[in-house]
Each structure stands twice: as structure tokens, then as C-alpha cells.
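Listing of data_22.csv; format and content: CSV, N, CA and C atoms and all ligand atoms.
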```csv
chain,number,residue,atom,x,y,z
T,15,MET,N,-94.0,-68.0,23.5
T,15,MET,CA,-93.5,-67.0,22.6
T,15,MET,C,-92.2,-66.4,23.2
T,16,SER,N,-91.4,-67.3,23.8
T,16,SER,CA,-90.2,-66.9,24.4
T,16,SER,C,-89.1,-66.5,23.4
T,17,SER,N,-88.3,-65.5,23.7
T,17,SER,CA,-87.2,-65.2,22.8
T,17,SER,C,-85.9,-65.6,23.4
T,18,SER,N,-86.0,-66.2,24.6
T,18,SER,CA,-84.7,-66.6,25.3
T,18,SER,C,-84.3,-68.0,24.9
T,19,GLY,N,-85.2,-68.8,24.4
T,19,GLY,CA,-84.9,-70.2,24.1
T,19,GLY,C,-85.1,-71.1,25.3
T,20,ALA,N,-85.5,-70.5,26.4
T,20,ALA,CA,-85.7,-71.3,27.6
T,20,ALA,C,-86.8,-72.3,27.5
T,21,GLU,N,-87.8,-71.8,26.8
T,21,GLU,CA,-89.0,-72.7,26.5
T,21,GLU,C,-89.2,-72.8,25.0
T,22,PRO,N,-89.8,-74.0,24.6
T,22,PRO,CA,-90.0,-74.2,23.2
T,22,PRO,C,-91.0,-73.1,22.7
T,23,SER,N,-90.7,-72.6,21.5
T,23,SER,CA,-91.7,-71.7,20.9
T,23,SER,C,-92.9,-72.4,20.5
T,24,ILE,N,-94.0,-71.6,20.3
T,24,ILE,CA,-95.2,-72.3,19.8
T,24,ILE,C,-95.0,-73.0,18.5
T,25,PHE,N,-94.1,-72.6,17.7
T,25,PHE,CA,-93.9,-73.3,16.4
T,25,PHE,C,-93.2,-74.6,16.7
T,26,SER,N,-92.2,-74.6,17.7
T,26,SER,CA,-91.6,-75.9,18.0
T,26,SER,C,-92.6,-76.9,18.6
T,27,ARG,N,-93.6,-76.4,19.2
T,27,ARG,CA,-94.7,-77.3,19.7
T,27,ARG,C,-95.6,-77.8,18.6
T,28,ILE,N,-95.7,-77.0,17.6
T,28,ILE,CA,-96.5,-77.5,16.4
T,28,ILE,C,-95.6,-78.6,15.7
T,29,ILE,N,-94.3,-78.3,15.5
T,29,ILE,CA,-93.4,-79.2,14.8
T,29,ILE,C,-93.4,-80.6,15.6
T,30,ALA,N,-93.4,-80.5,16.9
T,30,ALA,CA,-93.4,-81.7,17.7
T,30,ALA,C,-94.8,-82.4,17.8
T,31,ARG,N,-95.8,-81.8,17.1
T,31,ARG,CA,-97.2,-82.3,17.1
T,31,ARG,C,-97.8,-82.3,18.6
T,32,GLU,N,-97.3,-81.4,19.4
T,32,GLU,CA,-97.8,-81.2,20.7
T,32,GLU,C,-99.1,-80.4,20.7
T,33,ILE,N,-99.2,-79.5,19.7
T,33,ILE,CA,-100.4,-78.7,19.5
T,33,ILE,C,-100.8,-78.8,18.0
T,34,PRO,N,-102.1,-78.8,17.7
T,34,PRO,CA,-102.5,-79.1,16.4
T,34,PRO,C,-102.3,-77.9,15.5
T,35,ALA,N,-102.1,-78.2,14.2
T,35,ALA,CA,-102.0,-77.1,13.2
T,35,ALA,C,-102.3,-77.8,11.8
T,36,THR,N,-102.8,-77.1,10.9
T,36,THR,CA,-103.0,-77.6,9.5
T,36,THR,C,-101.8,-77.5,8.7
T,37,ILE,N,-101.0,-78.6,8.7
T,37,ILE,CA,-99.7,-78.5,8.0
T,37,ILE,C,-99.9,-78.7,6.5
T,38,VAL,N,-99.4,-77.8,5.7
T,38,VAL,CA,-99.6,-77.9,4.3
T,38,VAL,C,-98.4,-78.3,3.5
T,39,ALA,N,-97.2,-78.2,4.1
T,39,ALA,CA,-96.0,-78.7,3.4
T,39,ALA,C,-95.0,-79.0,4.5
T,40,GLU,N,-94.1,-80.0,4.2
T,40,GLU,CA,-93.1,-80.4,5.1
T,40,GLU,C,-91.9,-81.0,4.4
T,41,THR,N,-90.7,-80.6,4.7
T,41,THR,CA,-89.5,-81.2,4.2
T,41,THR,C,-88.6,-81.6,5.3
T,42,GLU,N,-87.4,-82.1,5.0
T,42,GLU,CA,-86.5,-82.5,6.1
T,42,GLU,C,-86.3,-81.3,7.1
T,43,ASN,N,-86.2,-80.1,6.6
T,43,ASN,CA,-85.8,-79.0,7.5
T,43,ASN,C,-86.8,-77.9,7.7
T,44,ILE,N,-87.9,-77.9,6.9
T,44,ILE,CA,-88.9,-76.8,6.8
T,44,ILE,C,-90.3,-77.4,7.1
T,45,ILE,N,-91.1,-76.6,7.7
T,45,ILE,CA,-92.5,-77.0,7.8
T,45,ILE,C,-93.4,-75.7,7.6
T,46,ALA,N,-94.6,-75.9,7.0
T,46,ALA,CA,-95.5,-74.8,6.7
T,46,ALA,C,-96.9,-75.2,7.2
T,47,PHE,N,-97.6,-74.2,7.8
T,47,PHE,CA,-99.0,-74.5,8.3
T,47,PHE,C,-99.8,-73.3,8.1
T,48,LEU,N,-101.1,-73.5,8.2
T,48,LEU,CA,-102.0,-72.3,8.1
T,48,LEU,C,-101.9,-71.5,9.3
T,49,ASP,N,-101.9,-70.2,9.1
T,49,ASP,CA,-101.9,-69.2,10.2
T,49,ASP,C,-103.2,-69.3,11.0
T,50,ILE,N,-103.1,-69.3,12.3
T,50,ILE,CA,-104.3,-69.4,13.1
T,50,ILE,C,-105.2,-68.2,13.0
T,51,ALA,N,-104.7,-67.1,12.6
T,51,ALA,CA,-105.4,-65.8,12.5
T,51,ALA,C,-105.1,-65.2,11.2
T,52,PRO,N,-105.7,-65.8,10.1
T,52,PRO,CA,-105.3,-65.4,8.7
T,52,PRO,C,-105.6,-63.9,8.5
T,53,LYS,N,-104.6,-63.2,7.8
T,53,LYS,CA,-104.7,-61.8,7.4
T,53,LYS,C,-104.9,-61.7,5.9
T,54,ALA,N,-105.1,-62.8,5.2
T,54,ALA,CA,-105.4,-62.8,3.8
T,54,ALA,C,-106.1,-64.1,3.5
T,55,PRO,N,-106.8,-64.2,2.3
T,55,PRO,CA,-107.4,-65.4,2.0
T,55,PRO,C,-106.5,-66.6,2.0
T,56,VAL,N,-105.3,-66.4,1.6
T,56,VAL,CA,-104.2,-67.4,1.8
T,56,VAL,C,-103.2,-66.9,2.8
T,57,HIS,N,-103.0,-67.5,3.9
T,57,HIS,CA,-102.0,-67.1,4.9
T,57,HIS,C,-101.4,-68.3,5.5
T,58,VAL,N,-100.1,-68.6,5.0
T,58,VAL,CA,-99.4,-69.7,5.5
T,58,VAL,C,-98.1,-69.3,6.1
T,59,VAL,N,-97.8,-69.9,7.3
T,59,VAL,CA,-96.5,-69.7,8.0
T,59,VAL,C,-95.5,-70.7,7.6
T,60,VAL,N,-94.3,-70.3,7.2
T,60,VAL,CA,-93.3,-71.2,6.8
T,60,VAL,C,-92.1,-71.0,7.7
T,61,THR,N,-91.7,-72.1,8.4
T,61,THR,CA,-90.7,-72.0,9.4
T,61,THR,C,-89.7,-73.1,9.3
T,62,THR,N,-88.5,-72.9,10.0
T,62,THR,CA,-87.5,-73.9,10.1
T,62,THR,C,-87.8,-74.9,11.2
T,63,LYS,N,-87.5,-76.1,11.0
T,63,LYS,CA,-87.6,-77.0,12.2
T,63,LYS,C,-86.6,-76.7,13.3
T,64,ASP,N,-85.5,-76.2,12.9
T,64,ASP,CA,-84.4,-75.8,13.8
T,64,ASP,C,-84.9,-74.5,14.4
T,65,PRO,N,-85.0,-74.4,15.8
T,65,PRO,CA,-85.5,-73.2,16.4
T,65,PRO,C,-84.4,-72.2,16.8
T,66,GLN,N,-83.2,-72.5,16.4
T,66,GLN,CA,-82.1,-71.6,16.9
T,66,GLN,C,-82.1,-70.2,16.3
T,67,TYR,N,-82.7,-70.0,15.2
T,67,TYR,CA,-82.6,-68.7,14.5
T,67,TYR,C,-83.9,-67.9,14.9
T,68,HIS,N,-83.7,-66.7,15.5
T,68,HIS,CA,-84.8,-66.0,16.0
T,68,HIS,C,-85.5,-65.2,14.9
T,69,ASN,N,-84.8,-64.8,13.9
T,69,ASN,CA,-85.4,-64.0,12.8
T,69,ASN,C,-84.6,-64.2,11.5
T,70,VAL,N,-85.0,-63.6,10.4
T,70,VAL,CA,-84.5,-63.8,9.1
T,70,VAL,C,-83.0,-63.3,9.0
T,71,VAL,N,-82.7,-62.3,9.8
T,71,VAL,CA,-81.3,-61.8,9.8
T,71,VAL,C,-80.4,-62.8,10.4
T,72,ASP,N,-80.8,-63.4,11.5
T,72,ASP,CA,-80.0,-64.5,12.1
T,72,ASP,C,-79.8,-65.7,11.2
T,73,LEU,N,-80.9,-66.0,10.5
T,73,LEU,CA,-80.8,-67.2,9.6
T,73,LEU,C,-80.0,-66.9,8.4
T,74,ALA,N,-80.1,-65.7,7.8
T,74,ALA,CA,-79.3,-65.4,6.7
T,74,ALA,C,-77.8,-65.4,7.0
T,75,ALA,N,-77.4,-65.0,8.2
T,75,ALA,CA,-76.0,-64.9,8.6
T,75,ALA,C,-75.6,-66.3,9.0
T,76,GLY,N,-76.4,-67.1,9.7
T,76,GLY,CA,-76.0,-68.4,10.2
T,76,GLY,C,-76.1,-69.6,9.3
T,77,ASN,N,-77.1,-69.5,8.4
T,77,ASN,CA,-77.4,-70.7,7.6
T,77,ASN,C,-78.1,-70.3,6.3
T,78,PRO,N,-77.4,-69.6,5.4
T,78,PRO,CA,-78.1,-69.1,4.2
T,78,PRO,C,-78.7,-70.2,3.3
T,79,ALA,N,-78.2,-71.4,3.4
T,79,ALA,CA,-78.8,-72.5,2.6
T,79,ALA,C,-80.1,-72.9,3.1
T,80,LEU,N,-80.3,-72.8,4.5
T,80,LEU,CA,-81.6,-73.1,5.1
T,80,LEU,C,-82.6,-72.0,4.7
T,81,LEU,N,-82.1,-70.8,4.7
T,81,LEU,CA,-83.0,-69.7,4.3
T,81,LEU,C,-83.5,-69.9,2.8
T,82,ALA,N,-82.6,-70.4,2.0
T,82,ALA,CA,-83.0,-70.7,0.6
T,82,ALA,C,-84.0,-71.8,0.6
T,83,GLN,N,-83.9,-72.8,1.4
T,83,GLN,CA,-84.9,-73.9,1.5
T,83,GLN,C,-86.2,-73.3,1.9
T,84,LEU,N,-86.2,-72.4,2.9
T,84,LEU,CA,-87.5,-71.9,3.4
T,84,LEU,C,-88.2,-71.1,2.3
T,85,VAL,N,-87.4,-70.3,1.6
T,85,VAL,CA,-88.0,-69.5,0.5
T,85,VAL,C,-88.5,-70.4,-0.6
T,86,ALA,N,-87.8,-71.5,-0.9
T,86,ALA,CA,-88.3,-72.5,-1.9
T,86,ALA,C,-89.6,-73.1,-1.5
T,87,VAL,N,-89.8,-73.4,-0.3
T,87,VAL,CA,-91.1,-74.0,0.2
T,87,VAL,C,-92.2,-72.9,0.1
T,88,ALA,N,-91.8,-71.7,0.5
T,88,ALA,CA,-92.8,-70.6,0.4
T,88,ALA,C,-93.2,-70.4,-1.1
T,89,GLU,N,-92.3,-70.4,-2.0
T,89,GLU,CA,-92.6,-70.3,-3.4
T,89,GLU,C,-93.5,-71.4,-3.9
T,90,GLN,N,-93.2,-72.6,-3.5
T,90,GLN,CA,-94.1,-73.7,-3.8
T,90,GLN,C,-95.5,-73.6,-3.3
T,91,ILE,N,-95.6,-73.1,-2.1
T,91,ILE,CA,-97.0,-72.9,-1.5
T,91,ILE,C,-97.7,-71.8,-2.3
T,92,ALA,N,-97.0,-70.7,-2.6
T,92,ALA,CA,-97.6,-69.6,-3.4
T,92,ALA,C,-98.1,-70.1,-4.7
T,93,ALA,N,-97.3,-70.9,-5.4
T,93,ALA,CA,-97.6,-71.5,-6.7
T,93,ALA,C,-98.9,-72.3,-6.6
T,94,GLU,N,-99.0,-73.1,-5.5
T,94,GLU,CA,-100.1,-74.0,-5.4
T,94,GLU,C,-101.4,-73.3,-5.0
T,95,ARG,N,-101.3,-72.3,-4.2
T,95,ARG,CA,-102.4,-71.7,-3.4
T,95,ARG,C,-102.9,-70.3,-3.8
T,96,THR,N,-102.0,-69.6,-4.5
T,96,THR,CA,-102.3,-68.2,-4.8
T,96,THR,C,-102.5,-68.0,-6.3
T,97,ASN,N,-102.9,-66.8,-6.7
T,97,ASN,CA,-103.0,-66.4,-8.1
T,97,ASN,C,-101.6,-66.1,-8.7
T,98,GLY,N,-100.6,-66.3,-8.0
T,98,GLY,CA,-99.2,-66.0,-8.5
T,98,GLY,C,-98.7,-64.7,-8.0
T,99,GLN,N,-99.5,-63.9,-7.4
T,99,GLN,CA,-99.1,-62.6,-6.8
T,99,GLN,C,-99.2,-62.8,-5.3
T,100,PHE,N,-98.1,-62.6,-4.6
T,100,PHE,CA,-98.2,-62.8,-3.2
T,100,PHE,C,-97.2,-62.0,-2.4
T,101,ARG,N,-97.4,-61.9,-1.1
T,101,ARG,CA,-96.4,-61.2,-0.2
T,101,ARG,C,-95.7,-62.3,0.5
T,102,LEU,N,-94.4,-62.1,0.7
T,102,LEU,CA,-93.5,-63.0,1.5
T,102,LEU,C,-92.9,-62.1,2.6
T,103,VAL,N,-93.4,-62.2,3.8
T,103,VAL,CA,-93.2,-61.2,4.9
T,103,VAL,C,-92.4,-61.9,6.0
T,104,PHE,N,-91.3,-61.3,6.4
T,104,PHE,CA,-90.5,-61.7,7.6
T,104,PHE,C,-90.6,-60.6,8.6
T,105,ASN,N,-91.5,-60.6,9.5
T,105,ASN,CA,-91.5,-59.6,10.6
T,105,ASN,C,-90.2,-59.8,11.4
T,106,THR,N,-89.5,-58.7,11.7
T,106,THR,CA,-88.2,-58.8,12.3
T,106,THR,C,-88.2,-57.8,13.5
T,107,GLY,N,-88.4,-58.3,14.7
T,107,GLY,CA,-88.4,-57.5,15.9
T,107,GLY,C,-89.8,-57.2,16.3
T,108,ALA,N,-89.9,-57.1,17.7
T,108,ALA,CA,-91.2,-56.9,18.3
T,108,ALA,C,-91.9,-55.6,17.8
T,109,ALA,N,-91.1,-54.6,17.6
T,109,ALA,CA,-91.7,-53.3,17.2
T,109,ALA,C,-92.2,-53.4,15.7
T,110,ALA,N,-91.8,-54.4,15.0
T,110,ALA,CA,-92.2,-54.6,13.6
T,110,ALA,C,-93.3,-55.6,13.5
T,111,GLY,N,-93.8,-56.1,14.7
T,111,GLY,CA,-94.9,-57.0,14.7
T,111,GLY,C,-94.6,-58.4,14.9
T,112,GLN,N,-93.3,-58.7,15.1
T,112,GLN,CA,-92.9,-60.1,15.4
T,112,GLN,C,-93.3,-60.6,16.8
T,113,THR,N,-94.0,-61.7,16.8
T,113,THR,CA,-94.5,-62.2,18.1
T,113,THR,C,-93.9,-63.5,18.5
T,114,VAL,N,-93.5,-64.3,17.4
T,114,VAL,CA,-92.9,-65.6,17.7
T,114,VAL,C,-91.4,-65.5,17.2
T,115,PHE,N,-90.5,-65.7,18.1
T,115,PHE,CA,-89.1,-65.5,17.8
T,115,PHE,C,-88.4,-66.8,17.4
T,116,HIS,N,-89.0,-67.4,16.4
T,116,HIS,CA,-88.5,-68.6,15.8
T,116,HIS,C,-88.7,-68.3,14.3
T,117,VAL,N,-87.6,-68.1,13.5
T,117,VAL,CA,-87.7,-67.5,12.2
T,117,VAL,C,-88.8,-68.2,11.4
T,118,HIS,N,-89.6,-67.3,10.7
T,118,HIS,CA,-90.7,-67.7,9.9
T,118,HIS,C,-91.0,-66.7,8.9
T,119,ALA,N,-91.5,-67.1,7.7
T,119,ALA,CA,-92.1,-66.2,6.7
T,119,ALA,C,-93.6,-66.4,6.7
T,120,HIS,N,-94.3,-65.3,6.3
T,120,HIS,CA,-95.7,-65.4,6.1
T,120,HIS,C,-95.9,-65.3,4.5
T,121,VAL,N,-96.6,-66.3,4.0
T,121,VAL,CA,-97.0,-66.2,2.6
T,121,VAL,C,-98.5,-65.7,2.6
T,122,LEU,N,-98.7,-64.6,2.0
T,122,LEU,CA,-100.0,-63.9,2.0
T,122,LEU,C,-100.4,-63.7,0.6
T,123,GLY,N,-101.6,-64.2,0.3
T,123,GLY,CA,-102.1,-64.0,-1.1
T,123,GLY,C,-103.6,-64.4,-1.2
T,124,SER,N,-104.0,-64.6,-2.4
T,124,SER,CA,-105.4,-64.9,-2.7
T,124,SER,C,-105.4,-65.9,-3.9
T,125,PRO,N,-106.3,-66.9,-3.8
T,125,PRO,CA,-106.4,-67.8,-5.0
T,125,PRO,C,-107.2,-67.2,-6.1
T,126,THR,N,-107.8,-66.0,-5.9
T,126,THR,CA,-108.7,-65.4,-6.9
T,126,THR,C,-107.9,-64.5,-7.8
T,127,PRO,N,-108.0,-64.7,-9.1
T,127,PRO,CA,-107.2,-63.9,-10.1
T,127,PRO,C,-107.3,-62.4,-9.9
T,128,THR,N,-108.5,-61.9,-9.6
T,128,THR,CA,-108.6,-60.4,-9.6
T,128,THR,C,-108.3,-59.8,-8.2
T,129,ASP,N,-108.1,-60.6,-7.2
T,129,ASP,CA,-107.9,-60.0,-5.9
T,129,ASP,C,-106.5,-59.3,-5.8
T,130,THR,N,-106.5,-58.1,-5.2
T,130,THR,CA,-105.3,-57.4,-4.9
T,130,THR,C,-105.1,-57.4,-3.4
T,131,LEU,N,-103.8,-57.3,-3.0
T,131,LEU,CA,-103.5,-57.3,-1.6
T,131,LEU,C,-103.0,-55.9,-1.1
T,132,GLY,N,-103.6,-55.5,0.0
T,132,GLY,CA,-103.2,-54.2,0.5
T,132,GLY,C,-101.9,-54.2,1.3
E,201,LIG,P1,-95.2,-63.0,13.7
E,201,LIG,O1,-96.2,-62.0,14.4
E,201,LIG,O2,-94.2,-63.4,14.8
E,201,LIG,O3,-94.6,-62.5,12.5
E,201,LIG,O4,-96.1,-64.2,13.3
E,201,LIG,C1,-96.6,-65.2,14.1
E,201,LIG,C2,-97.8,-65.8,13.5
E,201,LIG,O5,-98.1,-67.0,14.1
E,201,LIG,C3,-99.1,-64.9,13.7
E,201,LIG,O6,-99.6,-64.5,12.4
E,201,LIG,C4,-100.0,-65.8,14.5
E,201,LIG,O7,-101.4,-65.7,14.0
E,201,LIG,C5,-99.5,-67.2,14.2
E,201,LIG,N1,-99.7,-68.1,15.3
E,201,LIG,C6,-99.5,-67.8,16.6
E,201,LIG,N2,-99.8,-68.9,17.4
E,201,LIG,C7,-100.2,-69.9,16.5
E,201,LIG,C8,-100.7,-71.2,16.7
E,201,LIG,O8,-100.8,-71.7,17.8
E,201,LIG,N3,-101.0,-71.9,15.5
E,201,LIG,C9,-100.9,-71.3,14.3
E,201,LIG,N4,-101.3,-72.1,13.2
E,201,LIG,N5,-100.5,-70.1,14.1
E,201,LIG,C10,-100.2,-69.3,15.2
```

Whole structure, C-alpha cells version:
Amino acid sequence: MSSSGAEPSIFSRIIAREIPATIVAETENIIAFLDIAPKAPVHVVVTTKDPQYHNVVDLAAGNPALLAQLVAVAEQIAAERTNGQFRLVFNTGAAAGQTVFHVHAHVLGSPTPTDTLG
């Protein structure tokens, strides 16, 4: 969980298949996998294969087209796995709960039509 870039992030190790994860979507530049500690019935992490952007603000400034690709994959996952109502969360900064400093979105939702999210 380095923020210095000196060591690969846990997500880079998932992308390299060095550690296992349940990958649910993959494109040339984006990968998505089930969160190891789900906080909703559907909880998918969507991240860039490029580890250089530490958070969504960095990515928006440095490569907005890549951010759009990330959001498109998140939208596809939500369409496939949720009731159509979902949260798309980018924790930004340690004080906001960010623990992995490799830009990623959380897709949080439920497949059940009546479920609401707190
Ligand atoms: P953050 O707190 O940085 O916004 O989100 C990091 C997320 O990555 C957390 O929800 C955490 O549960 C998830 N996570 C951390 N390590 C692993 C791992 O090794 N595998 C998977 N699948 N998810 C992980």
C-alpha cells in the first residue's frame, strides 16, 4: 500500500496475477475485481492498469480519457450486477479512507430491486 511508488501497489500485484482476485471485467487499460472485504452485496473495485495516478484528481488532470474509460467499465459492471441504483466512490486521501494509492473506484450496489444503500 505504498504511496511512494517504490513498491508495486496491491492492485499492481493483482494486475500482474501475482496475487489472486476474482476479476470481473478487463479491457486494454482497465481491470475490475471483487473487493476482498465487501461493504455492499455488490462491491467491485475498478482500477487503471497504469499505476502512476494515485487518486481520481491526479487521473482527471493527467489523463481524463482514461478516467472516462474507468467510469465506462464501472457503469457496465453496475448494469450487469446491480438493480441500476449504485454508488461510485473514489476515496481520495488517507483521511477520507483511501488505503491503496493507485486510483480506483468502488462500485457499490445490490442486485435486489428493493434494496437501498446507506
Ligand atoms: P480504498 O480504501 O483505498 O478506497 O480501497 C481499497 C480497497 O481495496 C478496499 O475496499 C479493500 O478491501 C480492497 N483490497 C485491499 N487489498 C485487497 C486485495 O488483496 N484483494 C482485493 N480483491 N481487494 C483488496

Requested in this report: Residues within 6 Å of ligand LIG 201 (chain E), counting only N, CA and C atoms and all ligand atoms: report them as an NGL selection string.
Outcome: :T and (24 or 35-36 or 47-52 or 104-105 or 111-115)

Query - Separation of atom N of Ala46 in chain T from atom C of Ala92 in chain T, in Å and rounded to one decimal - result: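 A separation of 13.5 Å between them.
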
Query raised in the report: Near Ser23 in chain T, counting only C-alpha atoms, which residues have an atom at most 12 Å away, once you skip same-chain residues fewer than 6 positions from it, shown as a PyMOL selection string?
Result: chain T and resi 15-17+29-30+32-33+61-68+113-118

Report task. Quick one: everything within 8 Å of range 77-80 of chain T, counting only N, CA and C atoms, minus sequence neighbours fewer than 6 positions away in the same chain. Send it as JSON, numbers by chain. Result -> {"T": [43, 62, 71, 86]}

Report task. Would you mind telling me which residue in T:Pro55, T:Ser26, T:Val60, T:Gly123 lies nearest to Leu84 in chain T when using all atoms listed in the file? Result ->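 Looking at the shortest contact to Leu84 in chain T, the residue is T:Val60.
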
Report task. Within range 19-121 of chain T, find each residue whose DSSP state, derived from the backbone, is strand (DSSP E), and express the selection as a ChimeraX atom specification. Result -> /T:37-40,44-48,56-62,100-103,118-121
